$ cat entry-v9.txt   # compact mmCIF, C-alpha atoms
# COMPACT_ATOMS: atom_id res chain seq x y z
CA MET A 771 25.38 14.64 -10.88
CA SER A 772 22.55 17.13 -11.18
CA GLU A 773 19.61 17.04 -8.78
CA CYS A 774 16.75 14.74 -9.78
CA THR A 775 13.77 16.64 -11.17
CA HIS A 776 11.53 13.52 -11.06
CA ASP A 777 10.84 14.02 -14.78
CA CYS A 778 12.02 10.70 -16.20
CA SER A 779 11.04 11.67 -19.74
CA SER A 780 13.77 14.31 -19.87
CA CYS A 781 16.48 12.26 -18.19
CA SER A 782 19.05 9.91 -19.73
CA SER A 783 19.82 8.15 -16.45
CA ASN A 784 18.52 4.68 -15.75
CA CYS A 785 17.47 4.95 -12.12
CA GLY A 786 16.47 1.31 -12.02
CA GLU A 787 20.15 0.33 -12.36
CA ARG A 788 21.39 2.67 -9.62
CA ASP A 789 21.23 2.05 -5.88
CA MET A 790 19.50 5.20 -4.61
CA HIS A 791 18.15 3.67 -1.41
CA VAL A 792 18.09 5.96 1.59
CA PRO A 793 19.32 4.44 4.88
CA GLY A 794 16.39 3.76 7.19
CA ASN A 795 16.07 4.84 10.78
CA ALA A 796 19.29 3.94 12.58
CA MET A 797 17.41 2.44 15.54
CA SER A 798 15.03 0.35 13.43
CA SER A 799 15.20 -2.96 11.59
CA VAL A 800 12.66 -3.56 8.82
CA LYS A 801 13.01 -6.99 7.22
CA ARG A 802 10.46 -6.83 4.38
CA VAL A 803 8.90 -3.85 2.60
CA ILE A 804 5.85 -4.49 0.40
CA ALA A 805 4.27 -1.64 -1.57
CA ILE A 806 0.57 -1.70 -2.44
CA VAL A 807 0.10 0.19 -5.71
CA SER A 808 -2.58 1.01 -8.25
CA GLY A 809 -2.65 2.63 -11.64
CA LYS A 810 -5.66 4.76 -10.69
CA GLY A 811 -7.51 5.94 -7.63
CA GLY A 812 -10.69 4.55 -6.14
CA VAL A 813 -9.88 0.85 -6.43
CA GLY A 814 -9.68 0.15 -2.69
CA LYS A 815 -5.91 0.17 -2.31
CA SER A 816 -6.03 1.36 1.30
CA THR A 817 -8.57 -1.35 2.14
CA VAL A 818 -6.24 -3.97 0.69
CA THR A 819 -3.26 -2.50 2.57
CA SER A 820 -5.03 -2.39 5.93
CA CYS A 821 -6.58 -5.86 5.57
CA LEU A 822 -3.25 -7.37 4.55
CA ALA A 823 -1.44 -5.67 7.44
CA ALA A 824 -4.09 -6.83 9.92
CA ALA A 825 -3.94 -10.39 8.57
CA MET A 826 -0.16 -10.48 8.84
CA ASN A 827 -0.30 -9.05 12.35
CA GLN A 828 -2.75 -11.80 13.36
CA LYS A 829 -0.19 -14.35 12.17
CA GLY A 830 2.16 -13.11 14.89
CA ARG A 831 4.42 -11.03 12.67
CA LYS A 832 5.60 -7.56 13.71
CA VAL A 833 3.84 -5.28 11.23
CA ALA A 834 3.97 -1.59 10.27
CA VAL A 835 2.09 0.51 7.73
CA LEU A 836 3.70 3.55 6.13
CA ASP A 837 0.94 5.68 4.62
CA ALA A 838 2.58 7.25 1.57
CA ASP A 839 -0.71 8.64 0.25
CA ILE A 840 0.06 12.07 1.69
CA THR A 841 -2.81 13.98 0.09
CA GLY A 842 -5.42 11.31 0.81
CA PRO A 843 -4.38 9.45 3.96
CA SER A 844 -6.91 6.94 5.26
CA ILE A 845 -4.88 4.28 7.06
CA PRO A 846 -5.39 5.77 10.57
CA THR A 847 -9.14 5.77 9.99
CA ALA A 848 -9.13 2.07 9.13
CA PHE A 849 -7.44 1.22 12.42
CA GLY A 850 -9.33 3.74 14.54
CA VAL A 851 -6.18 5.69 15.41
CA HIS A 852 -6.68 9.44 15.73
CA GLU A 853 -4.19 10.66 18.32
CA HIS A 854 -1.17 12.67 17.22
CA ALA A 855 2.22 11.06 16.79
CA VAL A 856 4.95 12.41 19.07
CA GLY A 857 8.73 12.70 18.92
CA ASP A 858 11.76 13.33 21.08
CA GLY A 859 13.60 15.77 18.84
CA THR A 860 15.52 12.98 17.14
CA ASN A 861 12.90 10.40 16.22
CA ILE A 862 9.18 10.36 15.51
CA PHE A 863 7.29 7.59 17.28
CA PRO A 864 4.69 5.73 15.23
CA ALA A 865 1.18 5.30 16.54
CA GLU A 866 0.24 1.78 17.63
CA THR A 867 -3.02 -0.11 17.55
CA PRO A 868 -4.06 -2.14 20.61
CA SER A 869 -2.61 -5.24 18.94
CA GLY A 870 0.77 -3.57 18.41
CA LEU A 871 0.55 -2.78 14.69
CA LYS A 872 2.56 0.38 13.99
CA LEU A 873 1.32 3.25 11.79
CA MET A 874 2.66 6.49 10.39
CA SER A 875 0.52 8.85 8.33
CA LEU A 876 0.35 12.57 7.75
CA ASN A 877 -3.02 12.55 9.51
CA LEU A 878 -1.15 11.69 12.70
CA LEU A 879 0.95 14.85 12.36
CA SER A 880 -1.67 17.33 11.13
CA ALA A 881 -3.48 19.69 13.49
CA ASN A 882 -6.79 18.54 12.03
CA GLU A 883 -7.49 15.39 10.03
CA THR A 884 -9.54 17.39 7.53
CA ASP A 885 -6.81 19.95 6.75
CA PRO A 886 -5.96 19.79 3.03
CA VAL A 887 -2.39 19.13 1.93
CA ILE A 888 -1.55 21.83 -0.60
CA TRP A 889 2.08 21.00 -1.31
CA ARG A 890 4.24 20.60 -4.37
CA GLY A 891 5.36 17.13 -5.37
CA PRO A 892 8.97 17.38 -4.09
CA VAL A 893 7.74 18.44 -0.62
CA ILE A 894 5.33 15.51 -0.47
CA SER A 895 8.09 13.15 -1.59
CA GLY A 896 10.35 14.54 1.13
CA VAL A 897 7.77 13.76 3.80
CA VAL A 898 7.52 10.16 2.61
CA THR A 899 11.30 9.81 2.83
CA GLN A 900 11.24 11.24 6.35
CA PHE A 901 8.68 8.63 7.35
CA TRP A 902 11.32 6.06 6.42
CA THR A 903 14.33 7.79 7.98
CA ASP A 904 12.94 9.67 10.99
CA VAL A 905 10.28 7.33 12.36
CA LEU A 906 11.49 4.94 15.07
CA TRP A 907 9.87 1.80 13.68
CA GLY A 908 11.82 -0.59 15.88
CA ASP A 909 11.84 -4.25 14.84
CA VAL A 910 9.45 -4.89 11.95
CA ASP A 911 8.96 -8.14 10.04
CA TYR A 912 6.69 -6.66 7.36
CA MET A 913 6.16 -3.03 6.43
CA PHE A 914 3.31 -2.33 4.01
CA VAL A 915 3.44 0.95 2.10
CA ASP A 916 0.08 2.36 1.04
CA MET A 917 0.99 4.21 -2.14
CA PRO A 918 -0.87 7.02 -3.89
CA PRO A 919 -2.32 6.07 -7.28
CA GLY A 920 -0.43 6.55 -10.53
CA THR A 921 3.23 6.78 -11.43
CA GLY A 922 4.15 10.26 -10.18
CA ASP A 923 6.58 11.76 -7.69
CA VAL A 924 5.71 9.74 -4.61
CA PRO A 925 5.73 6.25 -6.22
CA LEU A 926 9.04 7.15 -7.85
CA THR A 927 10.45 8.31 -4.51
CA VAL A 928 9.32 5.14 -2.73
CA PHE A 929 10.77 2.86 -5.42
CA GLN A 930 14.05 4.77 -5.41
CA SER A 931 14.47 5.41 -1.69
CA LEU A 932 13.03 2.39 0.10
CA PRO A 933 14.32 -1.18 -0.25
CA ILE A 934 11.08 -2.50 -1.74
CA ASP A 935 10.97 -6.31 -1.77
CA GLY A 936 7.90 -6.42 -3.99
CA VAL A 937 4.69 -4.72 -5.04
CA ILE A 938 1.09 -5.86 -5.13
CA VAL A 939 -1.04 -4.19 -7.81
CA VAL A 940 -4.68 -3.49 -6.92
CA THR A 941 -7.23 -3.06 -9.68
CA SER A 942 -10.96 -3.33 -10.46
CA PRO A 943 -12.93 -4.94 -13.30
CA GLN A 944 -13.14 -2.14 -15.86
CA ASP A 945 -12.48 -1.88 -19.58
CA LEU A 946 -9.28 0.14 -19.07
CA VAL A 947 -7.85 -2.37 -16.62
CA SER A 948 -5.23 -3.72 -19.03
CA MET A 949 -3.68 -0.32 -19.72
CA ILE A 950 -3.85 0.77 -16.07
CA ILE A 951 -2.28 -2.40 -14.69
CA THR A 952 0.40 -2.44 -17.37
CA LYS A 953 1.48 1.12 -16.51
CA ALA A 954 1.94 0.23 -12.84
CA VAL A 955 3.69 -3.06 -13.63
CA ASN A 956 6.02 -1.42 -16.16
CA MET A 957 7.02 1.26 -13.67
CA ALA A 958 7.94 -1.41 -11.13
CA LYS A 959 9.95 -3.28 -13.74
CA MET A 960 11.77 -0.10 -14.77
CA MET A 961 12.79 0.34 -11.13
CA ASN A 962 13.80 -3.34 -10.85
CA VAL A 963 11.13 -4.00 -8.23
CA PRO A 964 9.46 -7.45 -8.37
CA VAL A 965 5.69 -7.56 -8.88
CA LEU A 966 4.27 -10.19 -6.53
CA GLY A 967 0.84 -10.35 -8.12
CA LEU A 968 -2.55 -8.76 -8.70
CA VAL A 969 -5.56 -8.18 -6.46
CA GLU A 970 -8.91 -7.42 -8.05
CA ASN A 971 -11.27 -5.43 -5.83
CA TYR A 972 -15.02 -4.99 -6.42
CA SER A 973 -14.82 -8.22 -8.38
CA TYR A 974 -18.44 -9.21 -7.75
CA PHE A 975 -21.38 -8.87 -5.37
CA GLN A 976 -22.74 -11.99 -3.77
CA CYS A 977 -26.43 -11.93 -2.93
CA PRO A 978 -26.85 -12.65 0.80
CA ASP A 979 -30.18 -14.39 0.14
CA CYS A 980 -29.56 -16.72 -2.81
CA GLY A 981 -25.74 -16.73 -2.93
CA SER A 982 -25.57 -15.86 -6.63
CA LYS A 983 -22.71 -13.65 -7.80
CA HIS A 984 -23.24 -10.52 -9.87
CA ALA A 985 -20.54 -8.60 -11.80
CA ILE A 986 -21.67 -5.10 -10.86
CA PHE A 987 -18.77 -3.41 -12.67
CA GLY A 988 -18.82 -5.72 -15.67
CA GLU A 989 -17.14 -8.99 -16.43
CA SER A 990 -13.50 -9.17 -15.41
CA HIS A 991 -10.70 -9.34 -17.96
CA LEU A 992 -8.05 -9.90 -15.31
CA ASP A 993 -7.30 -13.48 -16.33
CA ASP A 994 -6.20 -12.33 -19.78
CA VAL A 995 -4.15 -9.46 -18.37
CA ALA A 996 -2.47 -11.68 -15.77
CA LYS A 997 -1.60 -14.24 -18.45
CA GLU A 998 -0.19 -11.54 -20.74
CA LEU A 999 1.94 -10.10 -17.95
CA ASP A 1000 2.81 -13.53 -16.53
CA LEU A 1001 1.61 -12.55 -13.05
CA PRO A 1002 -0.47 -14.47 -10.50
CA ILE A 1003 -3.89 -13.29 -9.34
CA LEU A 1004 -3.54 -13.24 -5.56
CA ALA A 1005 -7.17 -12.49 -4.70
CA ARG A 1006 -10.53 -11.42 -6.06
CA LEU A 1007 -12.40 -9.37 -3.47
CA PRO A 1008 -16.19 -9.01 -3.54
CA ILE A 1009 -18.15 -5.83 -2.91
CA ASP A 1010 -18.66 -6.21 0.83
CA PRO A 1011 -20.67 -3.49 2.64
CA SER A 1012 -19.78 -5.01 6.01
CA LEU A 1013 -16.05 -4.68 5.30
CA ALA A 1014 -16.50 -1.05 4.25
CA LYS A 1015 -18.44 -0.43 7.47
CA GLN A 1016 -15.65 -1.92 9.57
CA PHE A 1017 -13.06 0.18 7.72
CA ASP A 1018 -14.98 3.42 8.28
CA ALA A 1019 -15.54 2.55 11.94
CA GLY A 1020 -11.84 1.94 12.53
CA ARG A 1021 -12.31 -1.77 13.22
CA ILE A 1022 -10.40 -3.32 10.34
CA GLU A 1023 -8.49 -5.53 12.80
CA GLN A 1024 -11.78 -6.95 14.07
CA VAL A 1025 -12.96 -8.20 10.66
CA GLU A 1026 -14.07 -11.79 11.26
CA HIS A 1027 -13.22 -13.15 7.82
CA ASN A 1028 -10.26 -11.17 6.51
CA PRO A 1029 -10.28 -11.54 2.70
CA LEU A 1030 -6.50 -10.99 2.50
CA ALA A 1031 -5.57 -13.73 4.98
CA PRO A 1032 -4.64 -16.16 2.15
CA VAL A 1033 -2.32 -13.52 0.65
CA ALA A 1034 -0.64 -13.06 4.03
CA ASP A 1035 -0.14 -16.84 4.17
CA LEU A 1036 1.45 -16.76 0.73
CA LEU A 1037 3.83 -13.94 1.68
CA VAL A 1038 4.94 -15.81 4.78
CA GLU A 1039 5.46 -18.95 2.70
CA GLN A 1040 7.60 -17.04 0.21
CA HIS A 1041 9.44 -14.62 2.50
CA GLY A 1042 9.20 -16.05 5.99
$ encode --input "entry-v9.txt" --output "structure tokens"
Amino acid sequence: MSECTHDCSSCSSNCGERDMHVPGNAMSSVKRVIAIVSGKGGVGKSTVTSCLAAAMNQKGRKVAVLDADITGPSIPTAFGVHEHAVGDGTNIFPAETPSGLKLMSLNLLSANETDPVIWRGPVISGVVTQFWTDVLWGDVDYMFVDMPPGTGDVPLTVFQSLPIDGVIVVTSPQDLVSMIITKAVNMAKMMNVPVLGLVENYSYFQCPDCGSKHAIFGESHLDDVAKELDLPILARLPIDPSLAKQFDAGRIEQVEHNPLAPVADLLVEQHG
């Protein structure tokens, strides 16, 4: 079999029907892997990932976050983790938050957090695979994978290489939402990965004085899209400056009212 070029348009193979999973770290046990995806950038995917991981961790589950957004990693910032990850020559050890949540991101391996990643797609995909195989995750109940936007090399690598139990699609209320969501959902279906549901970010702004809600980015069409795709809407997140402030300050675990707590409850109900 020839080497995969990651160009599905020129390939006659159906990768969704082949088991291409890469064995994980030999000294680790990861029970559930949930990928957080989006059809485009700027929809708050990393915020959703970090809030969901923090909520699950608060429920007493052993949680890890694999930051697969190699060129735009932001997960360490959300948790206030800035020290470098270390290894022993065989394994790389993930960073840990004070509550025990485990993280791996390229920012934890770079000399400087602001260094740009100027790599070709196959190299980036290789790093993501190494995060799965070479990081000593230990015992993990839920691993959340913060994916880069779109349907390129890295999402394809994650879907092919990791045993993904399901994906959550993050979107925002915009006119192109139907096309964008459908692309992400169709890619998951082509790879035989279940789509667990949709999360709409920036859904509305609620006035702190009068309590009225305002659709800053326009009226949502997500109900129609969800019905067409036969998918549940897991959450609608408001524009929340306080949440953004906590994210930027590295205090996502200290958010008093975690907006993804109900989604964490649902995952536990469905998957244990």
$ atom_distance --input "entry-v9.txt" --atom1 "atom CA of A:Gly814" --atom2 "atom CA of A:Pro943"
12.2 Å
$ closest_residue --input "entry-v9.txt" --among "A:Gly842, A:Gly859, A:Pro933, A:Pro1002" --to "A:Lys815" --atoms "only C-alpha atoms"
A:Gly842
$ residues_around --input "entry-v9.txt" --residues "A:Ser820" --least-positions-apart "3" --cutoff "8 Å" --atoms "only C-alpha atoms" --output "list of chain:residue names"
A:Ser816, A:Thr817, A:Ala823, A:Ala824, A:Val835, A:Ile845, A:Ala848, A:Phe849, A:Ile1022
$ closest_residue --input "entry-v9.txt" --among "A:Trp907, A:Pro1011, A:Val937, A:Glu1039" --to "A:Thr819" --atoms "all atoms listed in the file"
A:Val937
$ residues_around --input "entry-v9.txt" --residues "A:Cys821" --least-positions-apart "6" --cutoff "12 Å" --atoms "only C-alpha atoms" --output "ChimeraX atom specification"
/A:806,814-815,827-828,833,835,845,848-849,871,914,916,1007,1013-1014,1016-1017,1020-1034
$ residues_near_point --input "entry-v9.txt" --point "(-0.9, -1.4, -16.2)" --cutoff "12 Å" --atoms "all atoms listed in the file" --output "ChimeraX atom specification"
/A:807-810,919-921,939-942,946-959,965,968,992,995-996,998-999,1001
$ residues_around --input "entry-v9.txt" --residues "A:Asn877" --least-positions-apart "5" --cutoff "9 Å" --atoms "only C-alpha atoms" --output "VMD selection string"
chain A and resid 840 843 to 846 852 854 882 to 885
$ write_last_selection --input "entry-v9.txt" --atoms "C-alpha atoms" --output "short mmCIF file (atom, residue, chain, number, x, y, z; two decimals), in the coordinates of the input"
data_model
loop_
_atom_site.label_atom_id
_atom_site.label_comp_id
_atom_site.auth_asym_id
_atom_site.auth_seq_id
_atom_site.Cartn_x
_atom_site.Cartn_y
_atom_site.Cartn_z
CA ILE A 840 0.06 12.07 1.69
CA PRO A 843 -4.38 9.45 3.96
CA SER A 844 -6.91 6.94 5.26
CA ILE A 845 -4.88 4.28 7.06
CA PRO A 846 -5.39 5.77 10.57
CA HIS A 852 -6.68 9.44 15.73
CA HIS A 854 -1.17 12.67 17.22
CA ASN A 882 -6.79 18.54 12.03
CA GLU A 883 -7.49 15.39 10.03
CA THR A 884 -9.54 17.39 7.53
CA ASP A 885 -6.81 19.95 6.75
#
$ atom_distance --input "entry-v9.txt" --atom1 "atom CA of A:Arg1006" --atom2 "atom CA of A:Thr927"
28.8 Å
$ atom_distance --input "entry-v9.txt" --atom1 "atom CA of A:Lys983" --atom2 "atom CA of A:Asp1000"
27.0 Å
$ residues_around --input "entry-v9.txt" --residues "A:Thr899" --least-positions-apart "2" --cutoff "10 Å" --atoms "all atoms listed in the file" --output "number ranges by chain"
A: 792-794, 838, 893-897, 901-905, 924, 927-928, 931-932
$ closest_residue --input "entry-v9.txt" --among "A:Ser798, A:Ile1009, A:Thr847, A:Ile934" --to "A:Cys977" --atoms "only C-alpha atoms"
A:Ile1009
$ residues_around --input "entry-v9.txt" --residues "A:Gln944" --least-positions-apart "4" --cutoff "8 Å" --atoms "all atoms listed in the file" --output "PyMOL selection string"
chain A and resi 987-991
$ closest_residue --input "entry-v9.txt" --among "A:Tyr972, A:Met874, A:Leu966, A:Gly857" --to "A:Gly812" --atoms "all atoms listed in the file"
A:Tyr972
$ residues_near_point --input "entry-v9.txt" --point "(0.6, 9.0, 11.0)" --cutoff "8 Å" --atoms "all atoms listed in the file" --output "compact mmCIF listing (two decimals) with C-alpha atoms, keeping the file's coordinate frame"
# COMPACT_ATOMS: atom_id res chain seq x y z
CA LEU A 836 3.70 3.55 6.13
CA ASP A 837 0.94 5.68 4.62
CA PRO A 846 -5.39 5.77 10.57
CA HIS A 854 -1.17 12.67 17.22
CA ALA A 855 2.22 11.06 16.79
CA PRO A 864 4.69 5.73 15.23
CA ALA A 865 1.18 5.30 16.54
CA LEU A 873 1.32 3.25 11.79
CA MET A 874 2.66 6.49 10.39
CA SER A 875 0.52 8.85 8.33
CA LEU A 876 0.35 12.57 7.75
CA ASN A 877 -3.02 12.55 9.51
CA LEU A 878 -1.15 11.69 12.70
CA LEU A 879 0.95 14.85 12.36
$ closest_residue --input "entry-v9.txt" --among "A:Asp935, A:Asp1010, A:Asp909, A:Glu970" --to "A:Gln1040" --atoms "all atoms listed in the file"
A:Asp935
